[in-house]
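S.K.: Okay, so here is coords.tsv, and as you'll see once you scroll down, it has TSV, C-alpha atoms.
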```
chain	number	residue	atom	x	y	z
J	1	MET	CA	136.80	95.19	48.19
J	2	SER	CA	134.93	92.03	49.05
J	3	PRO	CA	132.81	91.09	52.08
J	4	GLY	CA	135.84	89.01	53.07
J	5	PHE	CA	137.93	92.18	53.23
J	6	GLU	CA	135.47	93.79	55.65
J	7	ALA	CA	135.37	90.56	57.65
J	8	TYR	CA	139.14	90.54	57.99
J	9	LEU	CA	139.15	94.20	58.98
J	10	ALA	CA	136.58	93.39	61.67
J	11	ARG	CA	138.88	90.61	62.86
J	12	ILE	CA	142.05	92.70	63.15
J	13	TYR	CA	140.03	95.51	64.76
J	14	THR	CA	138.77	93.18	67.48
J	15	ASP	CA	141.16	90.22	67.89
J	16	ASP	CA	144.41	91.12	69.66
J	17	ALA	CA	146.20	87.90	68.70
J	18	GLU	CA	145.28	88.10	65.02
J	19	ARG	CA	146.24	91.78	64.96
J	20	ALA	CA	149.68	91.00	66.37
J	21	LEU	CA	150.23	88.32	63.73
J	22	PHE	CA	148.97	90.66	61.05
J	23	VAL	CA	151.27	93.49	62.07
J	24	ALA	CA	154.22	91.08	61.89
J	25	ASP	CA	153.29	89.83	58.41
J	26	PRO	CA	150.40	91.80	56.89
J	27	ARG	CA	150.43	90.35	53.40
J	28	GLY	CA	151.02	86.79	54.53
J	29	ARG	CA	148.18	86.87	57.05
J	30	ALA	CA	145.82	88.51	54.55
J	31	ILE	CA	146.57	85.82	51.94
J	32	ALA	CA	146.12	83.15	54.60
J	33	ALA	CA	142.71	84.67	55.39
J	34	GLY	CA	141.67	84.08	51.80
J	35	LEU	CA	141.94	87.64	50.51
J	36	SER	CA	142.95	88.37	46.93
J	37	PRO	CA	146.45	89.59	46.10
J	38	ALA	CA	145.06	93.11	45.50
J	39	GLU	CA	143.24	93.11	48.83
J	40	SER	CA	146.32	91.77	50.56
J	41	ASP	CA	148.44	94.51	49.04
J	42	ALA	CA	145.92	97.07	50.29
J	43	LEU	CA	146.19	95.66	53.80
J	44	ALA	CA	149.98	95.56	53.61
J	45	ALA	CA	149.86	99.35	53.18
J	46	ILE	CA	147.67	99.80	56.25
J	47	ASP	CA	148.02	102.82	58.54
J	48	ARG	CA	149.55	100.90	61.45
J	49	ASP	CA	149.32	103.69	64.01
J	50	GLY	CA	145.70	104.13	63.05
J	51	LEU	CA	145.06	100.41	63.33
J	52	LEU	CA	146.30	100.37	66.92
J	53	LEU	CA	144.38	103.50	67.84
J	54	ALA	CA	141.17	102.32	66.22
J	55	ALA	CA	141.41	98.87	67.78
J	56	GLY	CA	141.92	100.44	71.20
J	57	SER	CA	138.95	102.73	70.72
J	58	PHE	CA	136.70	99.89	69.55
J	59	GLN	CA	137.80	97.76	72.51
J	60	LYS	CA	136.81	100.51	74.94
J	61	LYS	CA	133.45	100.86	73.26
J	62	ARG	CA	132.75	97.16	73.49
J	63	ALA	CA	133.85	97.02	77.12
J	64	HIS	CA	131.68	99.99	77.96
J	65	ALA	CA	128.69	98.53	76.20
J	66	GLU	CA	129.19	95.26	78.05
J	67	THR	CA	129.47	97.01	81.41
J	68	HIS	CA	126.38	99.07	80.86
J	69	ARG	CA	124.40	96.70	78.69
J	70	ALA	CA	121.27	97.05	80.75
J	71	GLY	CA	120.51	100.71	80.62
J	72	SER	CA	123.28	102.46	78.75
J	73	VAL	CA	122.93	104.80	75.86
J	74	PRO	CA	124.48	103.27	72.75
J	75	GLY	CA	125.55	105.69	70.22
J	76	GLY	CA	127.62	107.90	68.08
J	77	ALA	CA	130.91	108.70	69.68
J	78	GLN	CA	134.21	106.92	69.32
J	79	ASP	CA	134.85	106.53	73.00
J	80	GLY	CA	133.16	106.60	76.35
J	81	ARG	CA	129.56	106.45	77.35
J	82	VAL	CA	127.64	107.32	80.42
J	83	PRO	CA	126.19	104.83	82.84
J	84	LEU	CA	122.53	105.38	83.04
J	85	ARG	CA	120.23	104.17	85.65
J	86	SER	CA	121.05	106.04	88.82
J	87	SER	CA	121.91	109.32	87.13
J	88	ALA	CA	118.89	109.07	84.88
J	89	ARG	CA	116.56	108.61	87.77
J	90	ARG	CA	118.07	111.50	89.66
J	91	THR	CA	117.64	113.70	86.64
J	92	VAL	CA	114.15	112.54	85.95
J	93	ARG	CA	113.14	113.06	89.55
J	94	ALA	CA	114.06	116.69	89.01
J	95	SER	CA	112.02	116.85	85.84
J	96	VAL	CA	109.28	119.32	85.18
J	97	SER	CA	106.21	118.50	87.15
J	98	GLY	CA	103.82	117.83	84.30
J	99	LEU	CA	106.01	115.12	82.84
J	100	LYS	CA	107.67	113.94	85.99
J	101	GLY	CA	105.52	110.93	86.60
J	102	PHE	CA	105.54	109.95	82.99
J	103	TRP	CA	109.30	109.78	82.67
J	104	MET	CA	109.79	108.12	86.00
J	105	ASN	CA	107.59	105.30	84.80
J	106	SER	CA	108.76	105.03	81.25
J	107	LEU	CA	112.53	105.10	81.54
J	108	PRO	CA	114.19	101.91	80.41
J	109	GLY	CA	114.92	99.76	83.44
J	110	SER	CA	112.76	101.80	85.75
J	111	ARG	CA	111.27	100.04	88.75
J	112	MET	CA	109.23	103.02	89.80
J	113	PRO	CA	105.50	102.34	90.17
J	114	ARG	CA	103.43	103.35	87.22
J	115	SER	CA	101.42	106.50	87.40
J	116	SER	CA	97.74	106.09	88.09
J	117	LYS	CA	97.00	108.34	85.15
T	118	MET	CA	111.78	127.82	56.30
T	119	ARG	CA	113.93	128.43	59.34
T	120	ASP	CA	116.89	126.48	60.61
T	121	LEU	CA	116.24	124.26	63.64
T	122	PHE	CA	118.47	123.70	66.65
T	123	GLY	CA	118.38	120.91	69.18
T	124	LEU	CA	120.15	118.39	71.37
T	125	GLY	CA	120.82	114.72	71.22
T	126	TRP	CA	118.39	113.00	73.60
T	127	ARG	CA	120.33	111.27	76.36
T	128	PHE	CA	118.53	109.74	79.33
T	129	PRO	CA	120.65	111.55	81.95
T	130	LEU	CA	119.56	114.81	80.32
T	131	ALA	CA	115.89	113.86	80.03
T	132	GLY	CA	114.52	116.09	82.75
T	133	ARG	CA	116.64	119.06	81.72
T	134	ILE	CA	115.63	118.73	78.10
T	135	LEU	CA	111.96	118.49	78.97
T	136	ALA	CA	112.27	121.55	81.16
T	137	ALA	CA	113.84	123.46	78.27
T	138	VAL	CA	111.61	122.45	75.37
T	139	ASP	CA	110.77	126.09	74.76
T	140	ARG	CA	114.45	126.73	74.02
T	141	LEU	CA	114.81	123.76	71.66
T	142	ASP	CA	113.32	123.18	68.23
T	143	VAL	CA	114.01	119.47	68.01
T	144	VAL	CA	115.67	116.52	69.76
T	145	GLU	CA	117.60	113.73	68.10
T	146	VAL	CA	116.86	110.28	69.49
T	147	ILE	CA	119.14	107.26	69.09
T	148	ALA	CA	116.90	104.63	67.51
T	149	GLU	CA	118.72	101.70	69.10
T	150	ASP	CA	117.84	103.04	72.54
T	151	TRP	CA	114.29	101.96	71.76
T	152	THR	CA	114.37	99.05	69.34
T	153	GLU	CA	114.46	96.34	71.99
T	154	ARG	CA	112.29	97.97	74.61
T	155	PRO	CA	108.94	96.47	75.53
T	156	ALA	CA	105.88	98.21	74.17
T	157	ARG	CA	105.05	99.99	77.42
T	158	GLN	CA	108.48	101.65	77.42
T	159	GLN	CA	108.34	102.43	73.72
T	160	HIS	CA	105.20	104.38	74.47
T	161	ALA	CA	107.46	106.96	76.08
T	162	LEU	CA	108.99	107.73	72.70
T	163	ARG	CA	105.60	108.49	71.21
T	164	THR	CA	104.86	110.78	74.14
T	165	LEU	CA	108.20	112.52	73.70
T	166	SER	CA	107.51	113.14	70.03
T	167	ALA	CA	104.23	114.74	71.02
T	168	GLN	CA	106.15	117.20	73.22
T	169	ILE	CA	108.81	118.25	70.73
T	170	PRO	CA	109.74	117.39	67.14
T	171	VAL	CA	112.00	114.36	66.97
T	172	VAL	CA	114.55	113.14	64.47
T	173	LEU	CA	115.91	109.59	64.65
T	174	HIS	CA	119.55	108.60	64.46
T	175	GLY	CA	120.78	105.05	63.85
T	176	VAL	CA	124.13	103.63	64.91
T	177	SER	CA	123.98	99.92	64.13
T	178	LEU	CA	122.70	99.28	60.61
T	179	GLY	CA	126.13	99.41	58.98
T	180	LEU	CA	124.81	100.62	55.65
T	181	ALA	CA	128.19	101.50	54.11
T	182	SER	CA	129.13	97.92	53.43
T	183	SER	CA	129.39	95.40	50.66
T	184	VAL	CA	127.36	93.10	52.94
T	185	PRO	CA	123.53	93.32	52.80
T	186	VAL	CA	121.92	95.14	55.71
T	187	ASP	CA	120.38	92.93	58.39
T	188	GLU	CA	116.63	92.67	57.76
T	189	LYS	CA	115.70	92.17	61.42
T	190	ARG	CA	117.52	95.34	62.40
T	191	LEU	CA	115.78	97.21	59.61
T	192	ASP	CA	112.38	95.92	60.72
T	193	ALA	CA	113.08	97.01	64.29
T	194	PHE	CA	114.22	100.39	63.04
T	195	ALA	CA	111.04	100.76	61.00
T	196	ARG	CA	108.92	100.11	64.10
T	197	VAL	CA	110.71	102.89	65.97
T	198	VAL	CA	110.17	105.23	63.03
T	199	ASP	CA	106.46	104.42	63.20
T	200	LEU	CA	106.46	105.31	66.90
T	201	ALA	CA	108.48	108.51	66.72
T	202	ARG	CA	107.22	109.85	63.40
T	203	PRO	CA	110.46	111.77	62.88
T	204	ALA	CA	111.00	114.56	60.39
T	205	PHE	CA	113.82	112.40	59.06
T	206	TRP	CA	116.10	109.57	60.10
T	207	SER	CA	119.80	109.14	59.63
T	208	GLU	CA	122.59	106.57	59.68
T	209	HIS	CA	126.35	106.60	59.33
T	210	LEU	CA	128.54	105.94	56.34
T	211	ALA	CA	130.14	103.12	58.28
T	212	PHE	CA	130.27	99.38	58.66
T	213	VAL	CA	129.92	97.93	62.14
T	214	ARG	CA	130.39	94.17	61.68
T	215	GLY	CA	131.96	91.67	59.34
T	216	GLY	CA	132.19	87.91	59.13
T	217	GLY	CA	129.96	87.56	62.16
T	218	ILE	CA	132.16	89.83	64.29
T	219	GLU	CA	130.65	92.90	65.92
T	220	ILE	CA	133.24	95.68	65.90
T	221	GLY	CA	131.38	97.52	68.60
T	222	HIS	CA	131.38	100.85	66.90
T	223	LEU	CA	131.37	102.74	63.63
T	224	ALA	CA	134.23	101.78	61.32
T	225	ALA	CA	135.08	103.84	58.28
T	226	PRO	CA	134.62	101.59	55.23
T	227	PRO	CA	137.00	101.19	52.31
T	228	ARG	CA	136.28	104.19	50.09
T	229	CYS	CA	135.92	102.23	46.87
T	230	ALA	CA	133.41	101.24	44.20
T	231	ALA	CA	132.36	98.02	45.95
T	232	THR	CA	131.40	99.93	49.10
T	233	ILE	CA	129.46	102.49	47.09
T	234	GLU	CA	127.57	99.74	45.26
T	235	GLY	CA	126.81	97.98	48.54
T	236	THR	CA	125.68	101.23	50.15
T	237	VAL	CA	123.33	101.91	47.26
T	238	ARG	CA	121.75	98.48	47.69
T	239	ASN	CA	121.47	98.88	51.45
T	240	VAL	CA	119.98	102.36	51.30
T	241	ALA	CA	117.46	101.18	48.71
T	242	ARG	CA	116.48	98.31	51.01
T	243	ALA	CA	116.23	100.68	53.97
T	244	ARG	CA	114.07	103.03	51.96
T	245	ALA	CA	111.74	100.16	51.06
T	246	VAL	CA	111.43	98.82	54.62
T	247	VAL	CA	111.38	102.06	56.61
T	248	GLY	CA	109.46	104.09	54.06
T	249	SER	CA	112.04	106.81	53.54
T	250	ALA	CA	115.76	106.98	52.86
T	251	PRO	CA	118.13	107.91	55.65
T	252	LEU	CA	120.30	110.96	55.69
T	253	LEU	CA	123.86	109.64	55.61
T	254	GLU	CA	126.50	110.94	58.02
T	255	ASN	CA	130.23	111.28	57.39
T	256	VAL	CA	132.13	109.44	60.15
T	257	ALA	CA	135.27	110.22	62.10
T	258	THR	CA	138.05	107.69	61.93
T	259	LEU	CA	141.35	107.11	63.72
T	260	ILE	CA	142.61	104.93	60.87
T	261	ASP	CA	142.98	105.95	57.26
T	262	PRO	CA	140.51	103.39	55.87
T	263	PRO	CA	142.42	100.57	54.17
T	264	GLY	CA	141.33	99.49	50.72
T	265	SER	CA	140.38	103.03	49.69
T	266	ASP	CA	141.01	104.36	46.20
T	267	ARG	CA	139.42	107.80	46.59
T	268	ASP	CA	139.32	110.50	49.25
T	269	GLU	CA	136.45	111.16	51.63
T	270	ALA	CA	134.91	114.06	49.71
T	271	ALA	CA	134.75	111.98	46.53
T	272	PHE	CA	133.38	108.97	48.39
T	273	VAL	CA	130.68	110.92	50.21
T	274	SER	CA	129.65	112.80	47.09
T	275	GLU	CA	129.41	109.66	44.99
T	276	VAL	CA	127.38	107.84	47.63
T	277	LEU	CA	124.90	110.70	48.04
T	278	GLU	CA	124.32	111.00	44.31
T	279	ALA	CA	124.12	107.25	43.73
T	280	CYS	CA	121.68	106.78	46.63
T	281	ASP	CA	119.80	109.98	45.84
T	282	THR	CA	119.75	110.91	49.48
T	283	ASP	CA	120.92	113.77	51.68
T	284	LEU	CA	123.80	114.42	54.04
T	285	LEU	CA	123.97	114.73	57.78
T	286	LEU	CA	127.20	116.70	57.91
T	287	ASP	CA	129.09	116.09	61.14
T	288	LEU	CA	131.46	119.01	61.43
T	289	HIS	CA	133.57	117.56	64.23
T	290	ASN	CA	134.03	114.39	62.19
T	291	LEU	CA	135.08	116.50	59.24
T	292	HIS	CA	137.53	118.39	61.42
T	293	ALA	CA	138.90	115.25	63.08
T	294	ASN	CA	139.63	113.52	59.78
T	295	ALA	CA	141.21	116.65	58.33
T	296	ARG	CA	143.39	117.07	61.40
T	297	ASN	CA	144.36	113.40	61.57
T	298	PHE	CA	145.19	112.68	57.96
T	299	CYS	CA	145.88	115.81	55.95
T	300	PHE	CA	149.45	116.93	55.63
T	301	GLY	CA	151.39	118.91	53.06
T	302	GLU	CA	154.41	117.69	51.16
T	303	GLU	CA	156.69	118.61	54.04
T	304	GLY	CA	154.47	117.12	56.70
T	305	GLU	CA	152.82	120.36	57.75
T	306	LYS	CA	149.21	120.14	58.80
T	307	GLU	CA	146.74	121.24	56.15
T	308	GLU	CA	143.51	120.70	58.00
T	309	GLU	CA	141.93	124.04	57.13
T	310	LYS	CA	142.66	123.52	53.47
T	311	GLU	CA	141.18	120.02	53.64
T	312	GLU	CA	138.04	121.19	55.42
T	313	GLU	CA	137.45	123.87	52.83
T	314	ASP	CA	138.13	121.41	50.02
T	315	PHE	CA	135.59	118.99	51.50
T	316	LEU	CA	132.91	121.66	51.82
T	317	ARG	CA	133.50	122.80	48.25
T	318	ARG	CA	133.35	119.33	46.75
T	319	VAL	CA	130.46	117.76	48.67
T	320	PRO	CA	127.05	118.79	47.23
T	321	MET	CA	125.86	121.48	49.62
T	322	ARG	CA	122.34	121.28	48.24
T	323	ARG	CA	122.17	117.85	49.89
T	324	VAL	CA	123.10	119.00	53.39
T	325	ARG	CA	119.94	118.79	55.51
T	326	ALA	CA	121.36	118.39	58.98
T	327	VAL	CA	124.51	119.16	60.93
T	328	HIS	CA	126.10	117.55	63.97
T	329	LEU	CA	128.23	119.50	66.41
T	330	ALA	CA	130.42	117.76	68.99
T	331	GLY	CA	133.78	117.82	70.68
T	332	GLY	CA	136.66	115.45	71.28
T	333	ARG	CA	140.19	115.20	72.57
T	334	PRO	CA	143.66	114.43	71.20
T	335	ILE	CA	145.10	111.01	71.98
T	336	PRO	CA	148.75	110.04	71.57
T	337	VAL	CA	149.89	108.05	68.57
T	338	PRO	CA	151.83	104.90	69.59
T	339	ARG	CA	155.54	105.61	69.17
T	340	GLY	CA	154.46	108.92	67.70
T	341	ARG	CA	157.09	111.28	69.16
T	342	GLY	CA	154.45	113.55	70.57
T	343	GLU	CA	152.02	113.18	67.69
T	344	THR	CA	148.34	112.95	68.44
T	345	ARG	CA	145.12	112.15	66.64
T	346	LEU	CA	141.79	113.68	67.46
T	347	LEU	CA	139.26	111.31	69.01
T	348	ASP	CA	135.61	112.21	68.40
T	349	ASP	CA	134.39	111.26	71.86
T	350	HIS	CA	131.41	113.60	72.33
T	351	LEU	CA	132.63	114.23	75.87
T	352	HIS	CA	134.04	117.72	75.48
T	353	PRO	CA	132.81	121.18	74.48
T	354	VAL	CA	132.43	122.01	70.80
T	355	PRO	CA	135.73	123.61	69.71
T	356	ASP	CA	135.91	127.01	68.06
T	357	VAL	CA	136.89	125.50	64.72
T	358	VAL	CA	133.60	123.59	64.54
T	359	PHE	CA	131.60	126.78	65.11
T	360	SER	CA	133.66	128.43	62.35
T	361	LEU	CA	132.82	125.53	60.04
T	362	LEU	CA	129.14	125.91	60.89
T	363	GLU	CA	129.27	129.56	59.87
T	364	ARG	CA	130.93	128.49	56.63
T	365	VAL	CA	128.18	125.93	56.03
T	366	GLY	CA	125.61	128.63	56.66
T	367	ALA	CA	127.07	130.58	53.79
T	368	MET	CA	127.11	127.59	51.47
T	369	ALA	CA	124.14	125.30	52.20
T	370	PRO	CA	120.52	126.16	51.50
T	371	PRO	CA	118.09	126.43	54.40
T	372	PRO	CA	116.62	124.88	56.36
T	373	LEU	CA	119.20	122.93	58.32
T	374	THR	CA	118.62	120.91	61.47
T	375	VAL	CA	121.59	121.46	63.78
T	376	ILE	CA	122.08	118.93	66.60
T	377	LEU	CA	124.53	119.24	69.48
T	378	GLU	CA	125.77	115.79	70.50
T	379	ARG	CA	127.01	115.32	74.05
T	380	ASP	CA	127.30	111.80	75.42
T	381	GLY	CA	128.87	112.20	78.84
T	382	LEU	CA	130.93	114.32	81.27
T	383	PHE	CA	127.89	116.52	81.18
T	384	PRO	CA	128.46	120.16	82.09
T	385	PRO	CA	125.77	122.30	83.69
T	386	PHE	CA	122.85	122.14	81.28
T	387	GLU	CA	122.99	125.87	80.69
T	388	GLU	CA	126.40	125.39	79.06
T	389	LEU	CA	124.86	123.07	76.48
T	390	LEU	CA	122.14	125.63	75.79
T	391	ASN	CA	124.84	128.29	75.46
T	392	GLU	CA	126.62	126.16	72.89
T	393	LEU	CA	123.37	125.87	70.97
T	394	GLU	CA	122.92	129.62	71.18
T	395	ARG	CA	126.40	130.09	69.79
T	396	ALA	CA	125.44	127.72	66.95
T	397	ARG	CA	122.37	129.84	66.20
T	398	THR	CA	124.50	132.96	66.07
T	399	GLY	CA	127.17	131.34	63.92
T	400	LEU	CA	124.79	129.86	61.40
T	401	ALA	CA	122.92	133.15	61.17
T	402	ALA	CA	126.19	134.95	60.45
T	403	GLY	CA	126.85	132.51	57.63
T	404	ARG	CA	123.33	132.96	56.31
T	405	ALA	CA	123.84	136.72	56.24
T	406	ARG	CA	126.93	136.32	54.12
T	407	ARG	CA	125.05	134.01	51.78
T	408	GLU	CA	122.36	136.66	51.30
T	409	VAL	CA	124.98	139.32	50.58
T	410	ALA	CA	126.65	137.05	48.07
T	411	ALA	CA	123.31	136.37	46.40
```
Give the structure from this file in structure tokens form.
M.R.:
Amino acid sequence: MSPGFEAYLARIYTDDAERALFVADPRGRAIAAGLSPAESDALAAIDRDGLLLAAGSFQKKRAHAETHRAGSVPGGAQDGRVPLRSSARRTVRASVSGLKGFWMNSLPGSRMPRSSK
Amino acid sequence: MRDLFGLGWRFPLAGRILAAVDRLDVVEVIAEDWTERPARQQHALRTLSAQIPVVLHGVSLGLASSVPVDEKRLDAFARVVDLARPAFWSEHLAFVRGGGIEIGHLAAPPRCAATIEGTVRNVARARAVVGSAPLLENVATLIDPPGSDRDEAAFVSEVLEACDTDLLLDLHNLHANARNFCFGEEGEKEEEKEEEDFLRRVPMRRVRAVHLAGGRPIPVPRGRGETRLLDDHLHPVPDVVFSLLERVGAMAPPPLTVILERDGLFPPFEELLNELERARTGLAAGRARREVAA
């Protein structure tokens, strides 16, 4: 499959309008996107339930990343992430004493004063 | 050489992890948490790696792609590797963008020759820039990847051999894909058969690390009660994943680095440590069987 195939997958994974058009006419939309007949046939056989589920999961991930852009933990799961700053500080404040000051000062987004050490 | 057990480093768990370093062998750090931080914050990563062995995990390179890996991202990754000095680093067998569009997460690539060729090129480039090749991780997917002409075990095996690199085997991803896509001729679920088939066909000598995680079933649209398993890292590790770990212990050579991934809905920290303890017990049971078989 070509880079164009991946690009079109990225589009139908992320663009609600294009995905709706694609679901109505998979082969026609794939051809219109410039994909080869073989690539278009592959897309015509797509797992439609999976497409909807995956697109929904990706949308949640993007929304979560946007919400928590400053201070979230990006990462490996398919869904859901934890907001960071307040909970991180609470946790770090309870950290072991020898490293407490260090982590309070080094956490991303921290406004705590730096340690004198 | 002994197997190692640890947790995924998450900032809300920072204090708890640091307080429990004597009960952990290693922590796995998400590289992208650090790539864009100013130098004074990146210093924290070096200090962490002085406290406990660190391994690095990438989520944004998109190596399993026919598109060349982004050089700026690789350079940033290499700088974090220099800071953390990890025992190894890893990335997913996934693509994450295409045609200038960021998908926002890990997408299973078409399992075909073009993806394998692209992955080989990207891993070679990563090896050159970072200084070592990544372990490659099998990914969970909610969609049977379109454009595929081979199954996941064949794809993973071919990639590992062609790239001459090792596997980070995510057992919940393996379980999720088996549960979501493997059915017999009459529609009955054949997930156990698929999991065993995968473990038998993927080169066990290349397994260096294992991920443990949990997830939840989500309804299929118009699915008459059907569900697919979402790998959300927000739930306890299910029994089946511990069983798979024991199986891996009987099949893969030591040492393995076993990482528990938990990204949110955090339980009391002791519960995470208990899950790790269960992993130690399970892997040891598998190891014992391997010794008997030998």
S.K.: Enumerate as a ChimeraX atom specification the residues belonging to chain T that approach chain J to within 6 Å, with all atoms listed in the file taken into account.
M.R.: /T:128-129,132,136,158,161,176,183-184,215-216,220-221,231,259-260,263-264,348-350,381
S.K.: Could the residues in this selection be saved with C-alpha atoms as a PDB file, keeping the file's coordinate frame?
M.R.:
```pdb
ATOM      1  CA  PHE T 128     118.530 109.740  79.330  1.00  0.00           C
ATOM      2  CA  PRO T 129     120.650 111.550  81.950  1.00  0.00           C
ATOM      3  CA  GLY T 132     114.520 116.090  82.750  1.00  0.00           C
ATOM      4  CA  ALA T 136     112.270 121.550  81.160  1.00  0.00           C
ATOM      5  CA  GLN T 158     108.480 101.650  77.420  1.00  0.00           C
ATOM      6  CA  ALA T 161     107.460 106.960  76.080  1.00  0.00           C
ATOM      7  CA  VAL T 176     124.130 103.630  64.910  1.00  0.00           C
ATOM      8  CA  SER T 183     129.390  95.400  50.660  1.00  0.00           C
ATOM      9  CA  VAL T 184     127.360  93.100  52.940  1.00  0.00           C
ATOM     10  CA  GLY T 215     131.960  91.670  59.340  1.00  0.00           C
ATOM     11  CA  GLY T 216     132.190  87.910  59.130  1.00  0.00           C
ATOM     12  CA  ILE T 220     133.240  95.680  65.900  1.00  0.00           C
ATOM     13  CA  GLY T 221     131.380  97.520  68.600  1.00  0.00           C
ATOM     14  CA  ALA T 231     132.360  98.020  45.950  1.00  0.00           C
ATOM     15  CA  LEU T 259     141.350 107.110  63.720  1.00  0.00           C
ATOM     16  CA  ILE T 260     142.610 104.930  60.870  1.00  0.00           C
ATOM     17  CA  PRO T 263     142.420 100.570  54.170  1.00  0.00           C
ATOM     18  CA  GLY T 264     141.330  99.490  50.720  1.00  0.00           C
ATOM     19  CA  ASP T 348     135.610 112.210  68.400  1.00  0.00           C
ATOM     20  CA  ASP T 349     134.390 111.260  71.860  1.00  0.00           C
ATOM     21  CA  HIS T 350     131.410 113.600  72.330  1.00  0.00           C
ATOM     22  CA  GLY T 381     128.870 112.200  78.840  1.00  0.00           C
TER      23      GLY T 381
END
```
S.K.: How would you write as a ChimeraX atom specification the residues that get within 12 Å of (139.0, 128.5, 56.4) in the file's frame, counting only C-alpha atoms?
M.R.: /T:292,307-317,357-365
S.K.: Please determine the residues with any atom at most 12 Å from (122.2, 106.8, 58.1) (coordinates as given in the file, with all atoms listed in the file counting) and report them as a PyMOL selection string.
M.R.: (chain J and resi 76) or (chain T and resi 147-148+172-181+186+191+194+205-212+223+236-237+239-241+243-244+247+249-256+276-277+280+282-287+326)
S.K.: Choose the residue, out of T:Pro185, T:Leu373, T:Leu389, T:Asn297, that has the smallest atom-to-atom separation from T:Ile335; count only C-alpha atoms.
M.R.: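 The closest residue to T:Ile335 is T:Asn297.
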S.K.: Please report, as AutoDock Vina command-line options, the centre and edge lengths in Å to one decimal of an axis-aligned box covering all listed atoms of stretch 272-280 of chain T with 3 Å per side.
M.R.:
```
--center_x 127.5 --center_y 109.8 --center_z 47.0 --size_x 17.7 --size_y 12.0 --size_z 12.5
```
S.K.: For a test of reading the model, state the distance in Å between atom CA of T:Ala369 and atom CA of T:Leu400, rounded to one decimal.
M.R.: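 Result for atom CA of T:Ala369 versus atom CA of T:Leu400: 10.3 Å, one decimal.
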S.K.: Atom CA of T:Leu390 and atom CA of T:Asn294 are how many Å apart?
M.R.: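 Rounded to one decimal, the two atoms are 26.6 Å apart.
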S.K.: Can you list, as a PyMOL selection string, every protein, DNA or RNA residue that comes within 10 Å of T:Asp192 when you count all atoms listed in the file, leaving out same-chain residues fewer than 5 positions away?
M.R.: chain T and resi 152+187+197-198+243+246-247
S.K.: The selected residues should be written to file as a PDB file, keeping the file's coordinate frame (atoms: C-alpha atoms).
M.R.:
```
ATOM      1  CA  THR T 152     114.370  99.050  69.340  1.00  0.00           C
ATOM      2  CA  ASP T 187     120.380  92.930  58.390  1.00  0.00           C
ATOM      3  CA  VAL T 197     110.710 102.890  65.970  1.00  0.00           C
ATOM      4  CA  VAL T 198     110.170 105.230  63.030  1.00  0.00           C
ATOM      5  CA  ALA T 243     116.230 100.680  53.970  1.00  0.00           C
ATOM      6  CA  VAL T 246     111.430  98.820  54.620  1.00  0.00           C
ATOM      7  CA  VAL T 247     111.380 102.060  56.610  1.00  0.00           C
TER       8      VAL T 247
END
```
S.K.: May I ask for the distance between atom CA of T:Arg404 and atom CA of T:Gly366, given in Å to one decimal place?
M.R.: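 Between atom CA of T:Arg404 and atom CA of T:Gly366 the gap is 4.9 Å.
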S.K.: Determine, counting all atoms listed in the file, which protein, DNA and RNA residues have an atom within 9 Å of an atom of T:Leu200; residues of the same chain fewer than 3 positions away are not included. Present the result as a ChimeraX atom specification.
M.R.: /T:159-160,162-163,166,195-197,203
S.K.: Those selected residues, please, written with C-alpha atoms and delivered as a short mmCIF file (atom, residue, chain, number, x, y, z; two decimals), in the frame of the given file.
M.R.:
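Here's the written file out-v3.cif:
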```
data_model
loop_
_atom_site.label_atom_id
_atom_site.label_comp_id
_atom_site.auth_asym_id
_atom_site.auth_seq_id
_atom_site.Cartn_x
_atom_site.Cartn_y
_atom_site.Cartn_z
CA GLN T 159 108.34 102.43 73.72
CA HIS T 160 105.20 104.38 74.47
CA LEU T 162 108.99 107.73 72.70
CA ARG T 163 105.60 108.49 71.21
CA SER T 166 107.51 113.14 70.03
CA ALA T 195 111.04 100.76 61.00
CA ARG T 196 108.92 100.11 64.10
CA VAL T 197 110.71 102.89 65.97
CA PRO T 203 110.46 111.77 62.88
#
```
